[in-house]
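Okay, final22.csv now, which holds CSV, C-alpha atoms and all ligand atoms:
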chain,number,residue,atom,x,y,z
A,299,MET,CA,-39.6,1.4,-30.6
A,300,VAL,CA,-36.3,0.0,-29.1
A,301,GLN,CA,-35.7,-3.7,-29.8
A,302,LYS,CA,-35.6,-5.9,-26.8
A,303,SER,CA,-32.5,-7.6,-28.1
A,304,ALA,CA,-30.8,-4.2,-28.4
A,305,ILE,CA,-31.4,-3.6,-24.7
A,306,LYS,CA,-30.1,-7.0,-23.8
A,307,PHE,CA,-27.0,-6.3,-25.9
A,308,TRP,CA,-26.2,-3.1,-24.1
A,309,ILE,CA,-26.8,-4.7,-20.7
A,310,VAL,CA,-24.2,-7.3,-21.6
A,311,VAL,CA,-21.8,-4.7,-22.9
A,312,LEU,CA,-22.2,-2.7,-19.6
A,313,LEU,CA,-21.7,-5.8,-17.5
A,314,VAL,CA,-18.5,-6.8,-19.3
A,315,PHE,CA,-17.3,-3.3,-19.1
A,316,PHE,CA,-17.8,-3.0,-15.3
A,317,CYS,CA,-16.4,-6.5,-14.6
A,318,SER,CA,-13.2,-5.9,-16.5
A,319,TRP,CA,-12.9,-2.5,-14.9
A,320,GLY,CA,-13.0,-4.2,-11.5
A,321,LEU,CA,-10.4,-6.7,-12.4
A,322,ALA,CA,-8.1,-4.1,-13.9
A,323,GLN,CA,-8.0,-2.2,-10.6
A,324,THR,CA,-5.5,-3.8,-8.3
A,325,PRO,CA,-6.6,-2.8,-4.9
A,326,PHE,CA,-3.9,-1.7,-2.5
A,327,THR,CA,-4.6,-3.1,1.0
A,328,ALA,CA,-3.0,-2.8,4.4
A,329,GLU,CA,-2.8,-6.6,4.5
A,330,GLN,CA,-0.5,-6.6,1.5
A,331,GLY,CA,1.5,-3.9,3.2
A,332,LYS,CA,1.8,-6.1,6.3
A,333,GLU,CA,3.3,-9.0,4.3
A,334,LEU,CA,5.9,-6.6,2.8
A,335,TYR,CA,6.6,-5.2,6.2
A,336,ASP,CA,7.2,-8.7,7.6
A,337,ASN,CA,9.6,-9.4,4.8
A,338,TYR,CA,11.6,-6.2,4.7
A,339,CYS,CA,11.0,-4.0,7.7
A,340,GLN,CA,10.2,-6.1,10.7
A,341,ALA,CA,13.8,-7.0,11.4
A,342,CYS,CA,14.6,-3.5,12.4
A,343,HIS,CA,11.2,-2.0,13.1
A,344,GLY,CA,9.8,-4.8,15.2
A,345,GLU,CA,6.8,-7.2,15.0
A,346,ASP,CA,3.6,-5.4,14.3
A,347,MET,CA,5.6,-2.2,14.4
A,348,VAL,CA,6.3,-2.6,18.1
A,349,ASN,CA,9.8,-1.3,18.3
A,350,PRO,CA,12.3,-3.7,19.7
A,351,GLY,CA,14.7,-1.1,21.0
A,352,ALA,CA,15.5,2.6,20.8
A,353,VAL,CA,17.6,2.3,17.6
A,354,SER,CA,15.0,2.4,14.8
A,355,TYR,CA,12.1,4.8,14.4
A,356,ASP,CA,8.8,3.8,16.1
A,357,LEU,CA,6.6,3.6,13.0
A,358,ARG,CA,3.4,3.8,15.1
A,359,LYS,CA,4.4,7.4,15.8
A,360,PHE,CA,4.9,8.3,12.2
A,361,PRO,CA,2.6,11.3,11.3
A,362,LYS,CA,-0.5,10.2,9.3
A,363,ASP,CA,-0.1,13.2,7.0
A,364,GLY,CA,3.5,12.4,6.3
A,365,LYS,CA,3.1,10.2,3.2
A,366,SER,CA,5.6,12.1,1.1
A,367,ARG,CA,8.1,12.0,3.9
A,368,PHE,CA,7.5,8.3,4.2
A,369,LEU,CA,8.1,7.7,0.5
A,370,GLU,CA,11.1,9.9,0.6
A,371,SER,CA,12.7,8.1,3.6
A,372,VAL,CA,11.9,4.6,2.3
A,373,ASN,CA,13.2,5.5,-1.2
A,374,ASN,CA,16.4,7.2,-0.2
A,375,GLY,CA,17.1,5.8,3.3
A,376,LYS,CA,17.8,7.8,6.3
A,377,ASN,CA,20.9,7.5,8.6
A,378,GLY,CA,20.8,3.9,9.8
A,379,MET,CA,17.9,3.0,7.5
A,380,PRO,CA,18.9,1.5,4.1
A,381,SER,CA,17.5,2.9,0.8
A,382,TRP,CA,14.8,0.7,-0.7
A,383,LYS,CA,14.9,2.1,-4.1
A,384,GLY,CA,15.0,-0.7,-6.7
A,385,VAL,CA,14.3,-3.2,-4.0
A,386,ILE,CA,10.7,-2.4,-3.3
A,387,ALA,CA,8.4,-1.3,-6.1
A,388,LEU,CA,6.6,2.0,-5.8
A,389,ASP,CA,3.2,0.3,-5.7
A,390,ASP,CA,4.5,-1.8,-2.8
A,391,MET,CA,5.6,1.3,-1.0
A,392,GLU,CA,2.1,2.6,-1.3
A,393,ARG,CA,0.9,-0.7,0.3
A,394,LEU,CA,3.5,-0.3,3.1
A,395,TRP,CA,2.2,3.2,3.7
A,396,LEU,CA,-1.4,1.8,4.1
A,397,TYR,CA,0.0,-0.6,6.7
A,398,VAL,CA,1.8,2.0,8.6
A,399,LEU,CA,-1.4,4.0,8.8
A,400,THR,CA,-3.0,1.1,10.7
A,401,LYS,CA,-0.4,1.5,13.4
A,402,GLY,CA,0.0,-2.2,13.6
A,403,LYS,CA,-3.6,-3.0,14.6
B,1,LIG,C1,18.5,-2.2,8.7
B,1,LIG,C2,17.4,-1.8,9.6
B,1,LIG,C3,16.2,-1.2,9.0
B,1,LIG,C4,15.3,-1.8,8.1
B,1,LIG,C5,15.4,-3.2,7.5
B,1,LIG,C6,14.3,-0.9,7.9
B,1,LIG,N1,14.5,0.3,8.6
B,1,LIG,FE1,13.3,1.9,8.6
B,1,LIG,N2,14.6,2.8,9.9
B,1,LIG,C7,15.7,2.3,10.5
B,1,LIG,C8,16.4,3.2,11.3
B,1,LIG,C9,17.7,3.0,12.1
B,1,LIG,C10,15.6,4.4,11.3
B,1,LIG,C11,15.9,5.7,12.0
B,1,LIG,C12,16.6,6.6,11.0
B,1,LIG,C13,16.9,8.0,11.7
B,1,LIG,O1,16.0,8.9,11.7
B,1,LIG,O2,18.0,8.1,12.2
B,1,LIG,C14,14.5,4.1,10.4
B,1,LIG,C15,13.5,5.0,10.1
B,1,LIG,C16,12.4,4.8,9.3
B,1,LIG,C17,11.4,5.7,9.0
B,1,LIG,C18,11.3,7.1,9.5
B,1,LIG,C19,12.0,8.1,8.5
B,1,LIG,C20,11.7,9.5,8.8
B,1,LIG,O3,11.3,10.2,7.9
B,1,LIG,O4,12.0,9.9,10.0
B,1,LIG,C21,10.5,5.1,8.2
B,1,LIG,C22,9.2,5.7,7.6
B,1,LIG,C23,11.0,3.8,8.0
B,1,LIG,N3,12.2,3.6,8.7
B,1,LIG,C24,10.3,2.8,7.2
B,1,LIG,C25,10.8,1.6,7.0
B,1,LIG,C26,10.2,0.6,6.1
B,1,LIG,C27,8.9,0.9,5.4
B,1,LIG,C28,11.0,-0.5,6.0
B,1,LIG,C29,10.8,-1.7,5.2
B,1,LIG,C30,10.7,-1.5,3.8
B,1,LIG,C31,12.1,-0.2,6.9
B,1,LIG,N4,12.0,1.0,7.4
B,1,LIG,C32,13.2,-1.1,7.1
B,1,LIG,C33,16.2,1.0,10.2
B,1,LIG,C34,15.6,0.1,9.3

Starting from the coordinates I provided, produce the structure as structure tokens.
Ligand code: HEC
Amino acid sequence: MVQKSAIKFWIVVLLVFFCSWGLAQTPFTAEQGKELYDNYCQACHGEDMVNPGAVSYDLRKFPKDGKSRFLESVNNGKNGMPSWKGVIALDDMERLWLYVLTKGK
């Protein structure tokens, strides 16, 4: 017969395991992306991605399936757009991408 204390022991082990697993995962959210956007991108791309003029790209129109193009352009820059390599961490670019997917809503 299995000892009750052994069952308790394994329940605790599992709880600790799942809790630490949850902590280790840093969730990427569009809200974090918006903060980064406000700091780095808003000046050219406009508040809430509403384009202030015709100069910079309207990010609300960026194709949803264009993640690799997004990362490529943000990393290396494009024409009037500076390169963000070394300025913005890759993880933060992922967050920015989540924000762009919301189309500013
Ligand atoms: C100094 C002004 C400026 C800033 C700051 C800026 N951009 Fe841009 N961005 C531009 C311009 C200008 C273009 C249009 C480039 C072109 O296609 O000629 C552009 C284009 C883009 C594009 C479209 C690229 C493509 O593949 O067509 C993306 C995506 C983009 N910007 C993302 C960002 C993000 C994310 C940030 C913040 C980290 C940012 N930009 C900050 C000026 C800026």

Within 7 Å of ligand LIG 1 (chain B), counting only C-alpha atoms and all ligand atoms, residues as a ChimeraX atom specification: /A:335,338-343,353-355,357,360,367-368,371-372,376-380,382,394

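Our summary of the geometry notes that atom CA of Lys365 of chain A is positioned 7.1 Å from atom CA of Trp395 of chain A.
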
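One distance worth recording is that between atom CA of Gln330 of chain A and atom CA of Thr400 of chain A, which is 12.3 Å.
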
Take atom CA of Asp390 of chain A and atom CA of Val314 of chain A and report the distance between them in Å, one decimal. 28.7 Å

I need the residue nearest Glu329 of chain A from this list: A:Val398, A:Ile386, A:Val311, A:Met347. Use all atoms listed in the file for the distance. A:Val398

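Distances to Asn373 of chain A were evaluated for A:Pro361, A:Phe307, A:Glu392, A:Pro350 using only C-alpha atoms, and the minimum falls at A:Glu392.
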